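> This structure is in C-alpha cells; I'll ask about it shortly.
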Amino acid sequence: MGSDKNKLLDAYRRMKSIREFEERIHVENTTGEIPGFVHLYAGQEAIATAVCKHLKDSDYIGSTHRGHGHSIAKGCDINGMMAEIYGKKNGLCAGKGGSMHIADFEKGMLGANAIVGGNPPLVIGAALTAKVQGTDGVAVSFSGDGASNQGTTFESMNMAVVLQLPVVFIFENNGYGEGTGCDYAVGAESIAQRAEGFGLPAVQVDGTDFFAVEAAAKEAINRARTGQGPSAIEAVAMRFYGHFEGDPQAYRSAEELTQLRETGDCLKIFRDKVEAGKHVTKADLDQIDQEVKSVIDSAVKAAREADFPTKDDLLTDVYVSY
Ligand SMILES: Cc1ncc(C[n+]2csc(CCOP(=O)(O)OP(=O)(O)O)c2C)c(N)n1
Ligand SMILES: [Mg+2]
C-alpha cells in the first residue's frame, strides 16, 4: 500500500514539476531575460512522466525542441536546467545550449533537438550500442506528429525493425506541427497505424491519461529490454501554449484553449482519479503543489543571479575530448 501511494505521489510530483516549470517560464520569458526561443510542454506532462517512469539512468532518451518535460521526467537537475535556459555558466550545458539543447548524459538524456526528426537516428544509435554491448539498455525517441512525417523518422523505424533494436518510438500527437493541423499533414489514419506499416507493434493512447500511457509504455519498454524488438506508441494530448512563446495562435480558437484547460488537463485528470481511490488525499497533492512551487521559485532566483559564461568559455567544449 505504502509503495503504491509513494509511486502515485512521485508521478504527481514529476508532472507538477514540469507544469510549474513551464508556467513559470511562460511568465519569466516576458521579462526579456531568457535568451532564445522557448517551446512549452504544458499539457503533455503525463506522457514524458509515464514513459520515463520505466527507464533507468543508463537508458537513453532523445528529445525535441519541446524538451523541458522530457528532461525533468528523465531526472535532469531542475536548477541546472533553469540556469541553462537563462544561458548561465552553471547551466547543465554551461549555458551554451539553452532551452533547445539541454543534454545530460549522466541521466541518459541525449539532448533536446532543434531539428524536427533529428532524434530518431541518434536514438537508434544508442539502441544499437546497447544491443551490440549486450546490456539490457533501452532507448526512447520522443517525436511530435510533425516529426512523424520526416524521412529520418521513417528510416529509423525501418532500421529498428530490421536490426530488432531495443527502442521505443513515442509519437506525441498534440494536433499541430507549428500551425499546421495533423489532420491535414499526417497522411494516414493514425501515426500508430503508420508505424505498424513499418512492422512495429504500435498502439494509440490518450496522452492526458497517465495510467493509459504508463501501461502502454510498460509493455513496449519491457519488450525492448527483453530482446523482443522495437515498438511505437502514439499518445494524443494537446499543448496548452502556442508553438513557441510569442506564437499568436491564429490557427486555433480561444474556446479550444479554454476547453483544454477544463477537460484536457492531465494533472486534473490524474488528481480526480487518485483522489477517488483509497491511498492519496487532496491534502497530499496540495502539499506537493506547495513544495514544487518553492523548488521552481528558488531555481528561477538562482538562475537570475548566476553568472554568464565568459569570453574564454567560448573556446572550451568545441571538440570532444576522449
Ligand atoms: C528539419 C526541420 N524542419 C522544420 C523545422 C521548423 N520547425 C520547428 S518545430 C516544427 C513543428 C514540429 O511539430 P511537431 O513535430 O508536431 O512537434 P510539436 O512542436 O508539436 O511539439 C517545425 C516545422 C525544424 N526545426 N527542423
Ligand atoms: Mg505537434
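In the C-alpha cells, chains take the letters A, B, ... in the order shown, each chain's residues start at 1, and ligands count up from 1 in the order shown.
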Among segment 54-290 of chain A, which residues does DSSP mark as helix (DSSP H, G or I) when it is run on the backbone? Keep the chain and numbering as in the structure and answer as a ChimeraX atom specification.

/A:68-73,78-85,99-101,105-107,119-133,147-149,151-162,182-185,191-197,210-225,254-263,266-275,282-290

> What do you get as a list in words if you pick all residues at most 10 Å from ligand 2, counting only C-alpha atoms and all ligand atoms?

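Listed by chain and ascending number, the contacts are Arg66, Ser143, Gly144, Asp145, Gly146, Ala147, Ser148, Phe171, Glu172, Asn173, Asn174, Gly175, Tyr176, Gly177, Glu178, Gly179, Thr180, Gly181, Cys182, Val236, Ala237, Met238, Arg239 and His243 of chain A.
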
> Given only C-alpha atoms as the basis, pick out the residue of A:Ile47, A:Leu315, A:Cys266, A:Ala42 nearest to Phe240 of chain A.

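The closest residue to Phe240 of chain A is A:Ala42.
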
> Taking the DSSP secondary structure from the backbone, can you list the residues of segment 133-247 of chain A that are strand (DSSP E), as a list in words?

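Checking each residue of segment 133-247 of chain A, the strand (DSSP E) ones are Ala139, Val140, Ser141, Phe142, Ser143, Gly144, Val167, Val168, Phe169, Ile170, Phe171, Glu172, Asn173, Tyr176, Gly177, Thr180, Gly181, Ala202, Val203, Gln204, Val205, Asp206, Ser231, Ala232, Ile233, Glu234, Ala235 and Val236 of chain A.
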
> What does the structure give for the distance between atom CA of Glu189 of chain A and atom CA of Asn113 of chain A, in Å to one decimal?

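About the pair atom CA of Glu189 of chain A and atom CA of Asn113 of chain A: they are 27.1 Å apart.
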
> Which residues, written as a list of chain:residue names, have at least one atom at most 8 Å from Leu128 of chain A, with only C-alpha atoms counted and residues fewer than 4 positions away on the same chain left out?

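In the requested format, the answer is A:Ile124, A:Val132, A:Leu165, A:Pro166.
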
> Using only C-alpha atoms, determine which residues lie at most 12 Å from Arg261 of chain A, disregarding the query and same-chain residues fewer than 3 positions distant; provide the list as a list in words.

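So, after excluding close chain neighbours, the residues are Ala42, Gly43, Gln44, Thr208, Ala237, Met238, Arg239, Phe240, Tyr241, Ala254, Glu255, Glu256, Leu257, Thr258, Gly264, Asp265, Cys266, Leu267, Lys268 and Ile269 of chain A.
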
> For atom CA of His68 of chain A and atom CA of Gln164 of chain A, quote the distance in Å rounded to one decimal.

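Atom-to-atom, atom CA of His68 of chain A to atom CA of Gln164 of chain A, that is 29.5 Å.
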
> Residues within 12 Å of Met159 of chain A, please, as a PyMOL selection string. Count only C-alpha atoms; anything in the same chain fewer than 5 positions from it doesn't count.

chain A and resi 120-121+123-125+127-128+152-154+164-167+198-200+229-230

> Would you pick out the contacts of Gly95 of chain A at 9 Å or less, using only C-alpha atoms, so that residues sharing its chain but fewer than 4 positions from it are not included, and give the list as a CSV table (one decimal) with C-alpha atoms, in the first residue's frame?


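Contents of selection15.csv, freshly written:
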chain,number,residue,atom,x,y,z
A,83,ALA,CA,20.3,28.1,-15.4
A,84,GLU,CA,20.8,26.6,-18.8
A,85,ILE,CA,17.6,28.2,-20.1
A,86,TYR,CA,18.9,31.6,-18.8
A,87,GLY,CA,22.2,31.0,-20.6
A,88,LYS,CA,24.2,30.9,-17.4
A,89,LYS,CA,27.6,29.4,-16.7
A,90,ASN,CA,26.4,26.9,-14.1
A,91,GLY,CA,23.7,25.6,-16.5
A,308,PHE,CA,27.0,34.3,-17.7
A,309,PRO,CA,29.9,32.3,-19.3

> Env of His26 of chain A: 9 Å cut, atoms = only C-alpha atoms, seq-sep filter 3 positions within chain, self excluded. Answer as a list in words.

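Neighbouring residues, sequence-local ones excluded: Phe21, Glu22, Glu23, Asn29, Thr30, Val38, Leu40, Tyr241 and Glu245 of chain A.
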
> Would you put the residues from that selection into a file with N, CA and C atoms, as a PDB file, in the first residue's frame?


ATOM      1  N   PHE A  21       7.295  24.422 -13.851  1.00  0.00           N
ATOM      2  CA  PHE A  21       8.471  24.898 -14.596  1.00  0.00           C
ATOM      3  C   PHE A  21       8.011  25.662 -15.835  1.00  0.00           C
ATOM      4  N   GLU A  22       7.095  25.057 -16.585  1.00  0.00           N
ATOM      5  CA  GLU A  22       6.642  25.664 -17.839  1.00  0.00           C
ATOM      6  C   GLU A  22       5.785  26.901 -17.606  1.00  0.00           C
ATOM      7  N   GLU A  23       4.886  26.836 -16.637  1.00  0.00           N
ATOM      8  CA  GLU A  23       4.037  28.003 -16.358  1.00  0.00           C
ATOM      9  C   GLU A  23       4.903  29.190 -15.933  1.00  0.00           C
ATOM     10  N   ASN A  29       9.547  34.604 -19.316  1.00  0.00           N
ATOM     11  CA  ASN A  29      10.001  34.883 -20.681  1.00  0.00           C
ATOM     12  C   ASN A  29       9.652  36.305 -21.109  1.00  0.00           C
ATOM     13  N   THR A  30       8.592  36.858 -20.502  1.00  0.00           N
ATOM     14  CA  THR A  30       8.168  38.205 -20.897  1.00  0.00           C
ATOM     15  C   THR A  30       9.120  39.279 -20.378  1.00  0.00           C
ATOM     16  N   VAL A  38      11.679  29.612 -26.623  1.00  0.00           N
ATOM     17  CA  VAL A  38      11.239  28.510 -25.759  1.00  0.00           C
ATOM     18  C   VAL A  38       9.923  27.936 -26.293  1.00  0.00           C
ATOM     19  N   LEU A  40       6.934  25.402 -24.958  1.00  0.00           N
ATOM     20  CA  LEU A  40       6.486  24.849 -23.674  1.00  0.00           C
ATOM     21  C   LEU A  40       5.732  23.527 -23.843  1.00  0.00           C
ATOM     22  N   TYR A 241       0.012  25.945 -24.587  1.00  0.00           N
ATOM     23  CA  TYR A 241       0.507  27.236 -25.097  1.00  0.00           C
ATOM     24  C   TYR A 241       0.734  27.142 -26.597  1.00  0.00           C
ATOM     25  N   GLU A 245       6.853  30.488 -27.454  1.00  0.00           N
ATOM     26  CA  GLU A 245       6.372  31.627 -26.672  1.00  0.00           C
ATOM     27  C   GLU A 245       6.378  32.870 -27.564  1.00  0.00           C
TER      28      GLU A 245
END

> Counting only C-alpha atoms, which residues of segment 22-99 of chain A sit at most 9 Å from some atom of segment 9-12 of chain A, and what is each one's closest atom pair with its distance in Å to one decimal, listed by chain and rising residue number, as a tab-separated table?


residue	atom	partner	partner_atom	distance
A:Ala46	CA	A:Ala11	CA	8.6
A:Thr49	CA	A:Ala11	CA	6.7
A:Ala50	CA	A:Ala11	CA	7.6
A:Lys53	CA	A:Ala11	CA	7.9

> Calculated over only C-alpha atoms and all ligand atoms, which of the candidates A:His70, A:Arg223, A:Arg19, A:Arg13 has the smallest distance to ligand 1?

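Looking at the shortest contact to ligand 1, the residue is A:His70.
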
> Would you please work out which residue, of A:Thr135, A:Thr310, A:Gln259, A:Ser17, is nearest to Cys76 of chain A when using only C-alpha atoms?

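For Cys76 of chain A, the nearest of the given residues is A:Ser17.
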
> Could you check the closest approach to ligand 1 for each of A:Tyr251, A:Phe244, A:Phe210, A:Tyr184 and tell me which residue wins, using only C-alpha atoms and all ligand atoms?

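Using only C-alpha atoms and all ligand atoms, ligand 1 sits closest to A:Phe244.
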